[in-house]
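Following: one structure in structure tokens, then a few remarks.
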Amino acid sequence: MTANPKNRSTAGEHEVPTAPGRLPLLGHTAAMLRQRLDFTAGLRKRGDVVRVDLGTLPVYFVTTAELAHQVLTEQTDKFDKGVLVDKLRQAFGNGLVSTNGEFYRRQRRMIQPAFHRGPMRGYADTMTELAAGLVDSWRDGQVVHVDRVMQQFAISVVGRTLFSTDFGAAVGAEIRTHTPTLIRLGVVRALTSSGLLERLPIAANRRFDEAIAHVHRVVDEVVESAREGREDLLSTLVGARDEAGEPMSRQQVRDEVVTLLTAGSETTGLMLAWLFHELGQHPHVEEAVHAEAVAVLGDRPATAEDLPRLDYTRRVITEVLRRYTLWFVTRRSNTAVTLGGVDLPAGTEVGYSPHALHHDPRYHPAPSSFDPDRWLPDRAASVPRGAYIPFASGLHHCPGHAFALTELAIVAATVAARWRLVPVPGKSVHPKVTGLVYPSQLPMTAVARHR
């Protein structure tokens with residue numbers, strides 16, 4: 001598709017197509033909020049690099065796997081976090097999600113030991129214990145609100161494994177209620193780009209500030225509970241020293257806890273919810289997961305040692321992560337950079353949509369179909385770098401990716417061995433897109449498997 005010449009801007013020596021729907025002052029904000037996933041998916045029809053204006057701020061979206069890989073991996077040192085993170089920094093402070101350069105590398109080096117093989121074995125044991133308690137808590141025929149239950153489960157896992165504390169119902173409700181507000185309103189602020197909106201005395205700004213206050217209060221309680229002699233992430237943060245022998249400041253510990261608590265509970269809880277939704281929509285897939293779980297587990301819950309034998313379950317998880325990943329991400333060039341033949345000066349905002357790349361038919365045939373077998377080794381080998389990035393890649397690859405994958409597999413197999421979760425008739429489920437993709441609702445009936 002050839003872009004209208006009137007809808008072109010210049011970057012360096014090259015003309016760059018501009019996405020349709022731009023309005024004076026508002027840019028593409030209204031179109032993005034109205035169309036969401038369809039907007040970013042449609043950018044590939046305009047070109048490999050497409051200009052999108054967030055309010056008055058131009059952002060150059062890359063729409064190919066090759067260019068996304070360049071941004072994330074091959075030229076990663078040329079990019080810092082972008083405008084989206086700027087708008088979330090009030091909530092996340094200087095945690096891993098919002099820092100750059102040598103400071104980011106320092107923090108990552110100090111945090112990474114908490115996700116090494118030794119600690120992970122202990123985390124997995126706790127995941128197994130909690131998954132066993134979850135499947136024991138249901139009764140045959142019970143309607144389970146899977147979206148809420150899985151987010152509360154993920155919060156419990158984070159509390160027990162990373163912070164050695166049980167997050168009760170009240171704390172879980174605080175996190176479940178306020179984290180989506182942070183993400184949604186942070187994305188809206190990024191889409192408008194101007195700082196004017198966030199300074200206005202409007203209800204959205206009050207909700208954003210209140211959500212931050214609630215999450216920070218929970219985190220302060222967690223940090224206060226840190227004690228010596230525990231083997232958890234919080235103790236690692238408190239006891240960590242950089243190469244100069246300096247510890248993290250108390251504020252820095254708090255910022256990292258905010259990041260890990262919200263990321264570790266929100267994203268994993270959502271993926272668990274969507275996983276059981278997809279199993280409910282595809283009984284043949286659900287039966288295959290069940291058969292594998294029974295063959296591997298028998299009557300017991302899944303453990304980390306079982307994971308290498310849960311091949312089909314792993315492919316199901318990979319497909320869920322493909323289908324329900326982030327909407328879009330921004331980066332900012334810290335030096336002049338060339339992408340797709342387009343020369344961009346330092347300080348340019350560059351965007352990409354993991355969701356659009358994961359649903360691009362050039363890389364994923366029939367992308368709207370839920371097909372775990374697309375991840376069989378011979379088929380998966382044809383997926384190019386940059387076309388599947390649920391945990392990003394390169395320098396900013398999520399340090400907790402193994403933690404999340406372990407939790408997803410243990411819960412999926414443990415539940416599938418004991419229960420079917422069946423969609424409730426007449427209850428439609430559709431995605432609600434903020435920066436993450438939430439189910440609108442997800443009631444399912446728990447049906448016991450009698451062996």
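So you can find residues: chains in the structure tokens are A, B, ... in the order shown, residues in each start at 1, and ligands are numbered from 1 in order.
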
Distance query Ala380 in chain A at most 12 Å, only C-alpha atoms, self and fewer than 2 positions along chain excluded, as a count of residues only: 20

I want to know what sits within 10 Å of Asp311 in chain A, based on only C-alpha atoms, with residues of the same chain fewer than 5 positions away left out; could you give that as an MDAnalysis selection string? chainID A and resid 289 292 316 376

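Closest approach to Gln281 in chain A among A:Gly186, A:Gly245, A:Pro301, A:Pro423 is made by A:Pro423 (distances from only C-alpha atoms).
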
Within 10 Å of Leu405 in chain A, counting only C-alpha atoms, which residues show up once you throw out same-chain ones fewer than 5 positions away? Write them as a list in words, please.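 Near Leu405 in chain A, the qualifying residues are Thr268, Leu307, Arg314, Ile317, Thr318, Leu321, Gly400 and Ile410 of chain A.
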
Residues within 12 Å of Arg121 in chain A, only C-alpha atoms, excluding chain neighbours under 3 positions, as a ChimeraX atom specification: /A:114-118,124-128,161,231-232,303-305,402-403,406-407

Would you mind exporting C-alpha atoms of the selected residues as a PDB file, in the first residue's frame?
ATOM      1  CA  ALA A 114      18.050 -13.430  43.039  1.00  0.00           C
ATOM      2  CA  PHE A 115      16.994 -15.167  39.800  1.00  0.00           C
ATOM      3  CA  HIS A 116      19.888 -17.632  39.583  1.00  0.00           C
ATOM      4  CA  ARG A 117      19.326 -21.389  39.624  1.00  0.00           C
ATOM      5  CA  GLY A 118      19.711 -21.859  43.379  1.00  0.00           C
ATOM      6  CA  ALA A 124       9.522 -23.237  42.343  1.00  0.00           C
ATOM      7  CA  ASP A 125       8.868 -25.267  45.504  1.00  0.00           C
ATOM      8  CA  THR A 126       6.708 -22.431  46.804  1.00  0.00           C
ATOM      9  CA  MET A 127       4.865 -22.194  43.478  1.00  0.00           C
ATOM     10  CA  THR A 128       4.121 -25.919  43.704  1.00  0.00           C
ATOM     11  CA  THR A 161       8.912 -16.174  46.991  1.00  0.00           C
ATOM     12  CA  GLU A 231      16.804 -15.963  51.321  1.00  0.00           C
ATOM     13  CA  ASP A 232      14.484 -13.836  49.239  1.00  0.00           C
ATOM     14  CA  THR A 303       7.312 -29.298  40.275  1.00  0.00           C
ATOM     15  CA  ALA A 304      10.242 -27.648  38.533  1.00  0.00           C
ATOM     16  CA  GLU A 305      11.696 -31.100  37.825  1.00  0.00           C
ATOM     17  CA  ALA A 402      12.449 -17.786  33.892  1.00  0.00           C
ATOM     18  CA  PHE A 403      10.487 -17.054  37.087  1.00  0.00           C
ATOM     19  CA  THR A 406       8.167 -21.615  35.708  1.00  0.00           C
ATOM     20  CA  GLU A 407       5.082 -20.271  37.455  1.00  0.00           C
TER      21      GLU A 407
END

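Taking CA of Gly172 in chain A and CA of Val146 in chain A as endpoints, the distance between them is 14.8 Å.
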
Need the shell around Gly386 in chain A: protein/DNA/RNA residues with any atom at most 7 Å away, counting only C-alpha atoms. Skip same-chain ones fewer than 5 positions apart. Format as number ranges by chain? A: 65-66, 68-69

Considering only C-alpha atoms, can you say which of A:Val219, A:Ala273, A:Ala169, A:Ala404 comes closest to Gln251 in chain A? A:Val219

Run DSSP on the backbone and give me the residues of range 251-429 of chain A it puts in alpha helix (DSSP H), as a PyMOL selection string. chain A and resi 251-281+283-297+311-323+354-358+377-380+401-418

Phe153 in chain A surroundings by only C-alpha atoms, 12 Å radius, close-in-sequence under 2 positions cut, as a ChimeraX atom specification: /A:126-135,146-151,155-160,166-169,172-173,175-176,264-273,407-408,411

Residues just named, written with N, CA and C atoms as a compact mmCIF listing (two decimals), in the first residue's frame:
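Contents of result.txt, as written:
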# COMPACT_ATOMS: atom_id res chain seq x y z
N THR A 126 7.82 -23.23 46.29
CA THR A 126 6.71 -22.43 46.80
C THR A 126 5.57 -22.36 45.79
N MET A 127 5.90 -22.20 44.52
CA MET A 127 4.87 -22.19 43.48
C MET A 127 4.08 -23.50 43.49
N THR A 128 4.79 -24.62 43.65
CA THR A 128 4.12 -25.92 43.70
C THR A 128 3.17 -26.00 44.90
N GLU A 129 3.64 -25.54 46.05
CA GLU A 129 2.81 -25.56 47.26
C GLU A 129 1.55 -24.70 47.08
N LEU A 130 1.72 -23.52 46.54
CA LEU A 130 0.57 -22.64 46.36
C LEU A 130 -0.38 -23.16 45.28
N ALA A 131 0.16 -23.77 44.22
CA ALA A 131 -0.70 -24.34 43.18
C ALA A 131 -1.52 -25.49 43.73
N ALA A 132 -0.91 -26.30 44.58
CA ALA A 132 -1.65 -27.40 45.21
C ALA A 132 -2.78 -26.86 46.08
N GLY A 133 -2.51 -25.80 46.82
CA GLY A 133 -3.57 -25.20 47.62
C GLY A 133 -4.68 -24.61 46.78
N LEU A 134 -4.32 -24.06 45.63
CA LEU A 134 -5.34 -23.49 44.75
C LEU A 134 -6.29 -24.56 44.25
N VAL A 135 -5.79 -25.66 43.72
CA VAL A 135 -6.67 -26.68 43.16
C VAL A 135 -7.45 -27.41 44.26
N VAL A 146 -11.83 -16.35 37.09
CA VAL A 146 -10.45 -16.75 36.83
C VAL A 146 -9.52 -15.54 36.75
N ASP A 147 -9.97 -14.43 36.20
CA ASP A 147 -9.10 -13.26 36.12
C ASP A 147 -8.67 -12.79 37.50
N ARG A 148 -9.62 -12.69 38.43
CA ARG A 148 -9.30 -12.25 39.78
C ARG A 148 -8.47 -13.29 40.52
N VAL A 149 -8.87 -14.55 40.39
CA VAL A 149 -8.20 -15.62 41.12
C VAL A 149 -6.74 -15.75 40.70
N MET A 150 -6.48 -15.67 39.40
CA MET A 150 -5.11 -15.83 38.93
C MET A 150 -4.24 -14.63 39.28
N GLN A 151 -4.81 -13.45 39.28
CA GLN A 151 -4.02 -12.30 39.72
C GLN A 151 -3.72 -12.38 41.21
N ILE A 155 0.00 -12.66 42.94
CA ILE A 155 0.41 -11.78 44.03
C ILE A 155 0.93 -12.62 45.21
N SER A 156 0.24 -13.72 45.50
CA SER A 156 0.68 -14.59 46.59
C SER A 156 2.05 -15.19 46.30
N VAL A 157 2.26 -15.60 45.05
CA VAL A 157 3.56 -16.16 44.68
C VAL A 157 4.66 -15.13 44.87
N VAL A 158 4.44 -13.91 44.39
CA VAL A 158 5.44 -12.86 44.55
C VAL A 158 5.71 -12.61 46.03
N GLY A 159 4.66 -12.53 46.82
CA GLY A 159 4.84 -12.28 48.25
C GLY A 159 5.66 -13.35 48.93
N ARG A 160 5.30 -14.62 48.68
CA ARG A 160 5.98 -15.73 49.36
C ARG A 160 7.39 -15.96 48.85
N ASP A 166 3.27 -13.43 53.44
CA ASP A 166 1.97 -13.76 52.86
C ASP A 166 1.18 -12.47 52.66
N PHE A 167 0.91 -12.16 51.40
CA PHE A 167 0.06 -11.01 51.12
C PHE A 167 -1.38 -11.45 51.28
N GLY A 168 -2.04 -10.91 52.29
CA GLY A 168 -3.41 -11.28 52.54
C GLY A 168 -4.37 -10.67 51.52
N ALA A 169 -5.66 -10.93 51.74
CA ALA A 169 -6.68 -10.48 50.79
C ALA A 169 -6.68 -8.97 50.64
N GLY A 172 -3.67 -7.92 48.54
CA GLY A 172 -3.92 -8.36 47.17
C GLY A 172 -4.94 -7.47 46.48
N ALA A 173 -5.98 -7.08 47.20
CA ALA A 173 -7.00 -6.22 46.61
C ALA A 173 -6.43 -4.85 46.26
N ILE A 175 -3.33 -4.18 45.36
CA ILE A 175 -2.50 -4.31 44.16
C ILE A 175 -3.37 -4.55 42.93
N ARG A 176 -4.37 -5.44 43.06
CA ARG A 176 -5.24 -5.74 41.92
C ARG A 176 -6.02 -4.51 41.47
N GLY A 264 5.74 -8.59 38.55
CA GLY A 264 5.66 -10.02 38.84
C GLY A 264 4.27 -10.52 39.11
N SER A 265 3.38 -9.64 39.54
CA SER A 265 2.02 -10.08 39.82
C SER A 265 1.07 -9.79 38.67
N GLU A 266 1.19 -8.61 38.08
CA GLU A 266 0.21 -8.19 37.08
C GLU A 266 0.33 -8.99 35.79
N THR A 267 1.53 -9.05 35.23
CA THR A 267 1.67 -9.70 33.92
C THR A 267 1.47 -11.21 34.02
N THR A 268 2.02 -11.85 35.04
CA THR A 268 1.87 -13.30 35.16
C THR A 268 0.43 -13.68 35.46
N GLY A 269 -0.23 -12.90 36.31
CA GLY A 269 -1.64 -13.18 36.58
C GLY A 269 -2.49 -13.08 35.34
N LEU A 270 -2.22 -12.08 34.51
CA LEU A 270 -2.96 -11.94 33.25
C LEU A 270 -2.71 -13.11 32.32
N MET A 271 -1.45 -13.55 32.20
CA MET A 271 -1.15 -14.67 31.30
C MET A 271 -1.82 -15.96 31.78
N LEU A 272 -1.88 -16.16 33.09
CA LEU A 272 -2.59 -17.35 33.60
C LEU A 272 -4.07 -17.27 33.25
N ALA A 273 -4.66 -16.10 33.42
CA ALA A 273 -6.08 -15.95 33.09
C ALA A 273 -6.34 -16.24 31.61
N GLU A 407 6.39 -20.40 36.80
CA GLU A 407 5.08 -20.27 37.46
C GLU A 407 3.94 -20.66 36.51
N LEU A 408 3.99 -20.18 35.28
CA LEU A 408 2.94 -20.50 34.32
C LEU A 408 2.83 -22.00 34.10
N VAL A 411 1.47 -23.97 37.34
CA VAL A 411 0.04 -23.76 37.57
C VAL A 411 -0.78 -24.44 36.46

To one decimal place, how far is CA of Pro367 in chain A from CA of Met32 in chain A in Å? 21.2 Å

Quick one: residues within 9 Å of Ala356 in chain A, only C-alpha atoms counted, chain neighbours fewer than 4 positions away excluded, as a list in words?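 Those residues are Leu37, Asp38, Thr40, Ala41, Gly42, Leu43, Arg44, Thr63, Trp327, Phe328, Tyr352 and Asp360 of chain A.
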
Generate the output file for the selected residues, C-alpha atoms, as a PDB file, in the first residue's frame.
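Written output follows (again.pdb):
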ATOM      1  CA  LEU A  37      -4.574  -2.811  18.631  1.00  0.00           C
ATOM      2  CA  ASP A  38      -5.959  -2.232  15.149  1.00  0.00           C
ATOM      3  CA  THR A  40      -0.681  -0.344  15.650  1.00  0.00           C
ATOM      4  CA  ALA A  41      -1.355  -3.468  13.549  1.00  0.00           C
ATOM      5  CA  GLY A  42      -2.246  -1.255  10.592  1.00  0.00           C
ATOM      6  CA  LEU A  43       1.038   0.638  10.637  1.00  0.00           C
ATOM      7  CA  ARG A  44       2.854  -2.107   8.718  1.00  0.00           C
ATOM      8  CA  THR A  63       6.971  -2.281  11.983  1.00  0.00           C
ATOM      9  CA  TRP A 327       0.444  -3.119  23.162  1.00  0.00           C
ATOM     10  CA  PHE A 328       3.373  -0.799  22.441  1.00  0.00           C
ATOM     11  CA  TYR A 352       7.296  -0.659  18.332  1.00  0.00           C
ATOM     12  CA  ASP A 360       1.995 -10.108  11.797  1.00  0.00           C
TER      13      ASP A 360
END

With distances taken over only C-alpha atoms, which of A:Val59, A:Leu25, A:Leu67, A:Ala211 is nearest to Ala91 in chain A?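 Selected residue with least distance to Ala91 in chain A: A:Ala211.
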
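Going from CA of Ser428 in chain A to CA of His178 in chain A covers 24.4 Å.
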